[in-house]
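K.L.:
Got a file for you: target-v2.cif, mmCIF, C-alpha atoms, pLDDT in the B column; chains and numbers go by the auth columns.
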data_data
#
loop_
_atom_site.group_PDB
_atom_site.id
_atom_site.type_symbol
_atom_site.label_atom_id
_atom_site.label_comp_id
_atom_site.label_asym_id
_atom_site.label_seq_id
_atom_site.Cartn_x
_atom_site.Cartn_y
_atom_site.Cartn_z
_atom_site.B_iso_or_equiv
_atom_site.auth_seq_id
_atom_site.auth_asym_id
ATOM 1 C CA MET A 1 1.197 -13.845 -5.486 38.00 4 A
ATOM 2 C CA LYS A 2 -1.706 -13.327 -7.836 42.00 5 A
ATOM 3 C CA LYS A 3 0.121 -12.126 -10.921 43.00 6 A
ATOM 4 C CA GLN A 4 -3.012 -10.944 -12.728 47.00 7 A
ATOM 5 C CA MET A 5 -3.211 -8.006 -10.272 64.00 8 A
ATOM 6 C CA PHE A 6 0.314 -6.823 -11.104 73.00 9 A
ATOM 7 C CA SER A 7 0.799 -3.972 -13.541 78.00 10 A
ATOM 8 C CA PHE A 8 4.281 -3.018 -14.696 84.00 11 A
ATOM 9 C CA SER A 9 3.088 0.565 -15.207 83.00 12 A
ATOM 10 C CA GLU A 10 3.041 0.943 -11.386 83.00 13 A
ATOM 11 C CA VAL A 11 6.765 0.130 -11.053 87.00 14 A
ATOM 12 C CA PRO A 12 8.803 3.312 -10.460 87.00 15 A
ATOM 13 C CA ALA A 13 11.475 3.969 -13.115 87.00 16 A
ATOM 14 C CA ASP A 14 14.278 3.942 -10.521 88.00 17 A
ATOM 15 C CA TRP A 15 13.177 0.674 -8.895 86.00 18 A
ATOM 16 C CA ALA A 16 15.640 -2.189 -9.401 90.00 19 A
ATOM 17 C CA LEU A 17 14.361 -5.309 -11.130 91.00 20 A
ATOM 18 C CA CYS A 18 15.675 -8.848 -10.736 90.00 21 A
ATOM 19 C CA PHE A 19 16.020 -11.518 -13.408 88.00 22 A
ATOM 20 C CA GLN A 20 17.773 -14.201 -11.329 87.00 23 A
ATOM 21 C CA ASN A 21 15.621 -17.264 -11.911 85.00 24 A
ATOM 22 C CA GLU A 22 18.039 -19.450 -9.951 85.00 25 A
ATOM 23 C CA CYS A 23 17.368 -17.561 -6.713 85.00 26 A
ATOM 24 C CA PRO A 24 15.266 -19.748 -4.371 86.00 27 A
ATOM 25 C CA LEU A 25 13.253 -16.678 -3.283 87.00 28 A
ATOM 26 C CA HIS A 26 12.437 -15.400 -6.762 85.00 29 A
ATOM 27 C CA GLU A 27 8.799 -16.499 -7.038 84.00 30 A
ATOM 28 C CA ASN A 28 7.821 -14.510 -3.928 88.00 31 A
ATOM 29 C CA CYS A 29 10.064 -11.515 -4.639 89.00 32 A
ATOM 30 C CA GLN A 30 8.474 -8.370 -5.964 89.00 33 A
ATOM 31 C CA ARG A 31 11.674 -7.381 -7.788 90.00 34 A
ATOM 32 C CA TRP A 32 11.649 -10.662 -9.740 90.00 35 A
ATOM 33 C CA VAL A 33 7.904 -10.448 -10.443 88.00 36 A
ATOM 34 C CA ALA A 34 8.362 -6.867 -11.682 89.00 37 A
ATOM 35 C CA GLY A 35 11.196 -8.048 -13.923 89.00 38 A
ATOM 36 C CA SER A 36 9.044 -10.864 -15.283 87.00 39 A
ATOM 37 C CA TYR A 37 6.420 -8.280 -16.274 86.00 40 A
ATOM 38 C CA ALA A 38 8.884 -5.874 -17.924 88.00 41 A
ATOM 39 C CA PRO A 39 7.725 -5.273 -21.483 87.00 42 A
ATOM 40 C CA LYS A 40 10.169 -6.006 -24.291 85.00 43 A
ATOM 41 C CA ARG A 41 10.336 -2.289 -25.150 85.00 44 A
ATOM 42 C CA VAL A 42 12.091 -1.604 -21.804 80.00 45 A
ATOM 43 C CA ILE A 43 15.793 -1.448 -22.623 80.00 46 A
ATOM 44 C CA VAL A 44 17.438 0.287 -19.666 84.00 47 A
ATOM 45 C CA ARG A 45 16.386 -0.180 -16.031 85.00 48 A
ATOM 46 C CA PRO A 46 18.278 -0.629 -12.758 89.00 49 A
ATOM 47 C CA CYS A 47 18.783 -4.339 -12.045 87.00 50 A
ATOM 48 C CA ILE A 48 19.913 -6.503 -9.131 84.00 51 A
ATOM 49 C CA ILE A 49 23.118 -8.372 -9.894 79.00 52 A
ATOM 50 C CA GLY A 50 24.283 -11.044 -7.473 69.00 53 A
ATOM 51 C CA GLY A 51 21.918 -10.160 -4.633 59.00 54 A
ATOM 52 C CA GLY A 52 21.245 -13.581 -3.134 55.00 55 A
ATOM 53 C CA THR A 53 24.228 -15.487 -1.841 53.00 56 A
ATOM 54 C CA SER A 54 22.557 -18.162 0.268 58.00 57 A
ATOM 55 C CA ASP A 55 19.529 -20.392 -0.038 61.00 58 A
ATOM 56 C CA LYS A 56 17.309 -18.173 2.086 70.00 59 A
ATOM 57 C CA GLU A 57 18.732 -14.659 2.014 78.00 60 A
ATOM 58 C CA CYS A 58 18.892 -11.754 -0.368 84.00 61 A
ATOM 59 C CA ARG A 59 19.452 -8.221 0.838 83.00 62 A
ATOM 60 C CA HIS A 60 17.311 -6.904 -2.033 86.00 63 A
ATOM 61 C CA TYR A 61 14.343 -9.199 -1.394 87.00 64 A
ATOM 62 C CA VAL A 62 10.947 -7.495 -1.164 87.00 65 A
ATOM 63 C CA LYS A 63 8.027 -9.779 -0.395 87.00 66 A
ATOM 64 C CA ALA A 64 5.470 -9.597 -3.162 86.00 67 A
ATOM 65 C CA GLU A 65 2.196 -8.922 -1.404 83.00 68 A
ATOM 66 C CA PRO A 66 -0.507 -6.480 -2.398 85.00 69 A
ATOM 67 C CA LEU A 67 -1.740 -3.620 -0.262 87.00 70 A
ATOM 68 C CA THR A 68 -5.380 -2.671 -0.143 92.00 71 A
ATOM 69 C CA LEU A 69 -5.778 1.076 -0.544 93.00 72 A
ATOM 70 C CA ALA A 70 -9.125 2.648 0.303 96.00 73 A
ATOM 71 C CA TYR A 71 -10.659 5.775 -1.215 97.00 74 A
ATOM 72 C CA GLY A 72 -13.394 8.075 0.062 97.00 75 A
ATOM 73 C CA PHE A 73 -15.413 7.933 3.272 96.00 76 A
ATOM 74 C CA HIS A 74 -18.045 10.654 3.201 93.00 77 A
ATOM 75 C CA ASP A 75 -20.331 8.973 5.746 93.00 78 A
ATOM 76 C CA LEU A 76 -17.687 8.381 8.423 95.00 79 A
ATOM 77 C CA PHE A 77 -19.315 10.630 11.049 95.00 80 A
ATOM 78 C CA SER A 78 -22.956 10.135 10.052 93.00 81 A
ATOM 79 C CA HIS A 79 -23.812 7.997 13.113 93.00 82 A
ATOM 80 C CA VAL A 80 -21.544 9.667 15.654 96.00 83 A
ATOM 81 C CA ARG A 81 -23.308 11.224 18.641 96.00 84 A
ATOM 82 C CA ARG A 82 -23.050 14.997 18.781 96.00 85 A
ATOM 83 C CA ASN A 83 -21.217 15.032 22.139 97.00 86 A
ATOM 84 C CA GLU A 84 -18.461 12.720 20.748 97.00 87 A
ATOM 85 C CA TYR A 85 -18.022 14.359 17.357 97.00 88 A
ATOM 86 C CA THR A 86 -15.286 16.889 18.210 97.00 89 A
ATOM 87 C CA THR A 87 -13.186 14.382 20.138 97.00 90 A
ATOM 88 C CA LEU A 88 -13.446 11.773 17.400 97.00 91 A
ATOM 89 C CA PHE A 89 -12.813 14.307 14.640 98.00 92 A
ATOM 90 C CA ASN A 90 -9.616 15.521 16.319 98.00 93 A
ATOM 91 C CA LYS A 91 -8.387 11.952 16.745 98.00 94 A
ATOM 92 C CA VAL A 92 -9.116 11.210 13.083 98.00 95 A
ATOM 93 C CA ILE A 93 -7.104 14.280 12.045 98.00 96 A
ATOM 94 C CA GLN A 94 -4.188 12.883 14.078 98.00 97 A
ATOM 95 C CA ILE A 95 -4.400 9.602 12.152 98.00 98 A
ATOM 96 C CA PHE A 96 -4.010 11.478 8.863 97.00 99 A
ATOM 97 C CA GLY A 97 -1.475 13.993 10.152 97.00 100 A
ATOM 98 C CA SER A 98 -3.281 17.127 8.963 97.00 101 A
ATOM 99 C CA ARG A 99 -6.704 18.441 8.056 97.00 102 A
ATOM 100 C CA SER A 100 -5.784 18.758 4.394 97.00 103 A
ATOM 101 C CA ALA A 101 -4.627 15.109 4.234 97.00 104 A
ATOM 102 C CA TYR A 102 -7.856 14.044 5.960 98.00 105 A
ATOM 103 C CA TYR A 103 -10.048 15.942 3.491 97.00 106 A
ATOM 104 C CA ARG A 104 -8.116 14.625 0.466 97.00 107 A
ATOM 105 C CA CYS A 105 -8.612 11.059 1.697 97.00 108 A
ATOM 106 C CA LYS A 106 -12.263 11.715 2.571 97.00 109 A
ATOM 107 C CA ARG A 107 -12.932 12.963 -0.980 97.00 110 A
ATOM 108 C CA GLY A 108 -11.045 9.999 -2.461 96.00 111 A
ATOM 109 C CA GLU A 109 -8.340 12.162 -4.011 96.00 112 A
ATOM 110 C CA ARG A 110 -5.675 10.359 -2.035 95.00 113 A
ATOM 111 C CA PRO A 111 -5.615 6.763 -0.759 95.00 114 A
ATOM 112 C CA THR A 112 -6.122 5.805 2.852 96.00 115 A
ATOM 113 C CA MET A 113 -3.215 3.501 3.641 94.00 116 A
ATOM 114 C CA PRO A 114 -3.768 0.133 5.377 94.00 117 A
ATOM 115 C CA SER A 115 -2.306 1.413 8.667 95.00 118 A
ATOM 116 C CA GLN A 116 -4.698 4.390 8.587 97.00 119 A
ATOM 117 C CA GLN A 117 -7.642 2.106 7.767 97.00 120 A
ATOM 118 C CA GLU A 118 -6.798 -0.054 10.766 97.00 121 A
ATOM 119 C CA ALA A 119 -6.365 2.975 13.036 98.00 122 A
ATOM 120 C CA LEU A 120 -9.766 4.332 11.952 98.00 123 A
ATOM 121 C CA ARG A 121 -11.468 0.994 12.565 97.00 124 A
ATOM 122 C CA ASN A 122 -9.860 0.650 15.990 97.00 125 A
ATOM 123 C CA LEU A 123 -10.757 4.215 16.962 97.00 126 A
ATOM 124 C CA PHE A 124 -14.405 3.968 15.906 97.00 127 A
ATOM 125 C CA SER A 125 -14.768 0.513 17.481 97.00 128 A
ATOM 126 C CA SER A 126 -13.442 1.860 20.766 97.00 129 A
ATOM 127 C CA TYR A 127 -16.322 4.370 20.753 96.00 130 A
ATOM 128 C CA GLY A 128 -18.892 1.711 19.867 96.00 131 A
ATOM 129 C CA TYR A 129 -19.144 2.516 16.158 95.00 132 A
ATOM 130 C CA GLY A 130 -17.760 -0.768 14.850 87.00 133 A
ATOM 131 C CA ASP A 131 -19.448 -0.591 11.443 90.00 134 A
ATOM 132 C CA ALA A 132 -18.923 3.133 10.814 90.00 135 A
ATOM 133 C CA VAL A 133 -15.736 2.862 8.756 95.00 136 A
ATOM 134 C CA VAL A 134 -16.896 2.142 5.221 96.00 137 A
ATOM 135 C CA PHE A 135 -14.896 3.197 2.185 97.00 138 A
ATOM 136 C CA GLU A 136 -16.398 4.070 -1.172 96.00 139 A
ATOM 137 C CA ARG A 137 -13.909 1.929 -3.071 96.00 140 A
ATOM 138 C CA THR A 138 -10.770 -0.116 -2.568 95.00 141 A
ATOM 139 C CA GLN A 139 -7.887 -0.991 -4.848 90.00 142 A
ATOM 140 C CA GLN A 140 -5.188 -3.602 -4.523 87.00 143 A
ATOM 141 C CA THR A 141 -1.728 -2.481 -5.536 84.00 144 A
ATOM 142 C CA TYR A 142 1.892 -3.101 -4.664 83.00 145 A
ATOM 143 C CA PHE A 143 4.235 -1.002 -2.550 79.00 146 A
ATOM 144 C CA PHE A 144 7.632 -0.183 -4.040 78.00 147 A
ATOM 145 C CA PRO A 145 10.198 0.867 -1.430 71.00 148 A
ATOM 146 C CA SER A 146 12.408 3.795 -2.415 65.00 149 A
ATOM 147 C CA ALA A 147 15.542 3.210 -4.463 52.00 150 A
ATOM 148 C CA ASN A 148 17.580 3.663 -1.262 49.00 151 A
ATOM 149 C CA SER A 149 15.853 0.681 0.387 43.00 152 A
#
Hey, can you dump this file as structure tokens for me?
P.N.:
Amino acid sequence: MKKQMFSFSEVPADWALCFQNECPLHENCQRWVAGSYAPKRVIVRPCIIGGGTSDKECRHYVKAEPLTLAYGFHDLFSHVRRNEYTTLFNKVIQIFGSRSAYYRCKRGERPTMPSQQEALRNLFSSYGYGDAVVFERTQQTYFFPSANS
């Protein structure tokens, strides 16, 4: 994991941290990395206690790997042929789940998740527009599963 990309400010307040340096999985665990970045001013946070019991297992383990979020794609349909526009547009709306979600992502107000990026690339490639999916900016961040995970 490239630690310089990690920011403790992104860690949700209810997300459990881990401080178990003896765990063999700790260096690749997002909970441990988050704990290692906890500022000294943090006094109370949920923590993992006794999660790992074997050399290769921990039920609280979350692999520390960044996600690439993409923002904005105003030119997505600029090269689409007129007779394919409606079909493609409707399929793109399905990828985002609603028109409002599509427009928020298009304007860059909301991130396009990696699975949506892949679905867009696959869709446009299947129509012969392999280079059409270009995002205005990307950002690497980390995903924090809900407290119930």
K.L.:
Evaluating the PyMOL selection byres ((chain A and resi 68) around 9) on the displayed file yields which residues, as a PyMOL selection string?
P.N.:
chain A and resi 4-5+31-33+65-67+69-70+144-146
K.L.:
Do you know which residues are at most 12 Å from Tyr40 (chain A) counting all atoms listed in the file, after dropping those on the same chain fewer than 5 positions away, and could you put them as a VMD selection string?
P.N.:
chain A and resid 6 to 14 20 to 22 33 to 35 45
K.L.:
Can you write just those residues out, C-alpha atoms, as a CSV table (one decimal), keeping the file's coordinate frame?
P.N.:
chain,number,residue,atom,x,y,z
A,6,LYS,CA,0.1,-12.1,-10.9
A,7,GLN,CA,-3.0,-10.9,-12.7
A,8,MET,CA,-3.2,-8.0,-10.3
A,9,PHE,CA,0.3,-6.8,-11.1
A,10,SER,CA,0.8,-4.0,-13.5
A,11,PHE,CA,4.3,-3.0,-14.7
A,12,SER,CA,3.1,0.6,-15.2
A,13,GLU,CA,3.0,0.9,-11.4
A,14,VAL,CA,6.8,0.1,-11.1
A,20,LEU,CA,14.4,-5.3,-11.1
A,21,CYS,CA,15.7,-8.8,-10.7
A,22,PHE,CA,16.0,-11.5,-13.4
A,33,GLN,CA,8.5,-8.4,-6.0
A,34,ARG,CA,11.7,-7.4,-7.8
A,35,TRP,CA,11.6,-10.7,-9.7
A,45,VAL,CA,12.1,-1.6,-21.8
K.L.:
Under the PyMOL selection byres ((chain A and resi 89-101) around 12), which residues of this model are included? Write them out as a VMD selection string.
P.N.:
chain A and resid 79 to 88 102 to 109 113 to 132 136
K.L.:
Could you check how far CA of Phe138 (chain A) sits from CA of Arg110 (chain A), in Å to one decimal?
P.N.:
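Value for the CA of Phe138 (chain A)-CA of Arg110 (chain A) distance: 10.5 Å.
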K.L.:
What separation in Å, quoted to one decimal, exists between CA of Glu30 (chain A) and CA of Glu60 (chain A)?
P.N.:
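Atom-to-atom, CA of Glu30 (chain A) to CA of Glu60 (chain A), that is 13.6 Å.
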K.L.:
Since I can't run it myself right now, could you work out what the PyMOL selection byres ((chain A and resi 16) around 12) selects here and report it as a ChimeraX atom specification?
P.N.:
/A:11-15,17-20,37,41,45-50,147,149-150
K.L.:
With C-alpha atoms retained, export the selected residues as a CSV table (one decimal), keeping the file's coordinate frame.
P.N.:
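The resulting file, result-v5.csv, is reproduced below:
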chain,number,residue,atom,x,y,z
A,11,PHE,CA,4.3,-3.0,-14.7
A,12,SER,CA,3.1,0.6,-15.2
A,13,GLU,CA,3.0,0.9,-11.4
A,14,VAL,CA,6.8,0.1,-11.1
A,15,PRO,CA,8.8,3.3,-10.5
A,17,ASP,CA,14.3,3.9,-10.5
A,18,TRP,CA,13.2,0.7,-8.9
A,19,ALA,CA,15.6,-2.2,-9.4
A,20,LEU,CA,14.4,-5.3,-11.1
A,37,ALA,CA,8.4,-6.9,-11.7
A,41,ALA,CA,8.9,-5.9,-17.9
A,45,VAL,CA,12.1,-1.6,-21.8
A,46,ILE,CA,15.8,-1.4,-22.6
A,47,VAL,CA,17.4,0.3,-19.7
A,48,ARG,CA,16.4,-0.2,-16.0
A,49,PRO,CA,18.3,-0.6,-12.8
A,50,CYS,CA,18.8,-4.3,-12.0
A,147,PHE,CA,7.6,-0.2,-4.0
A,149,SER,CA,12.4,3.8,-2.4
A,150,ALA,CA,15.5,3.2,-4.5
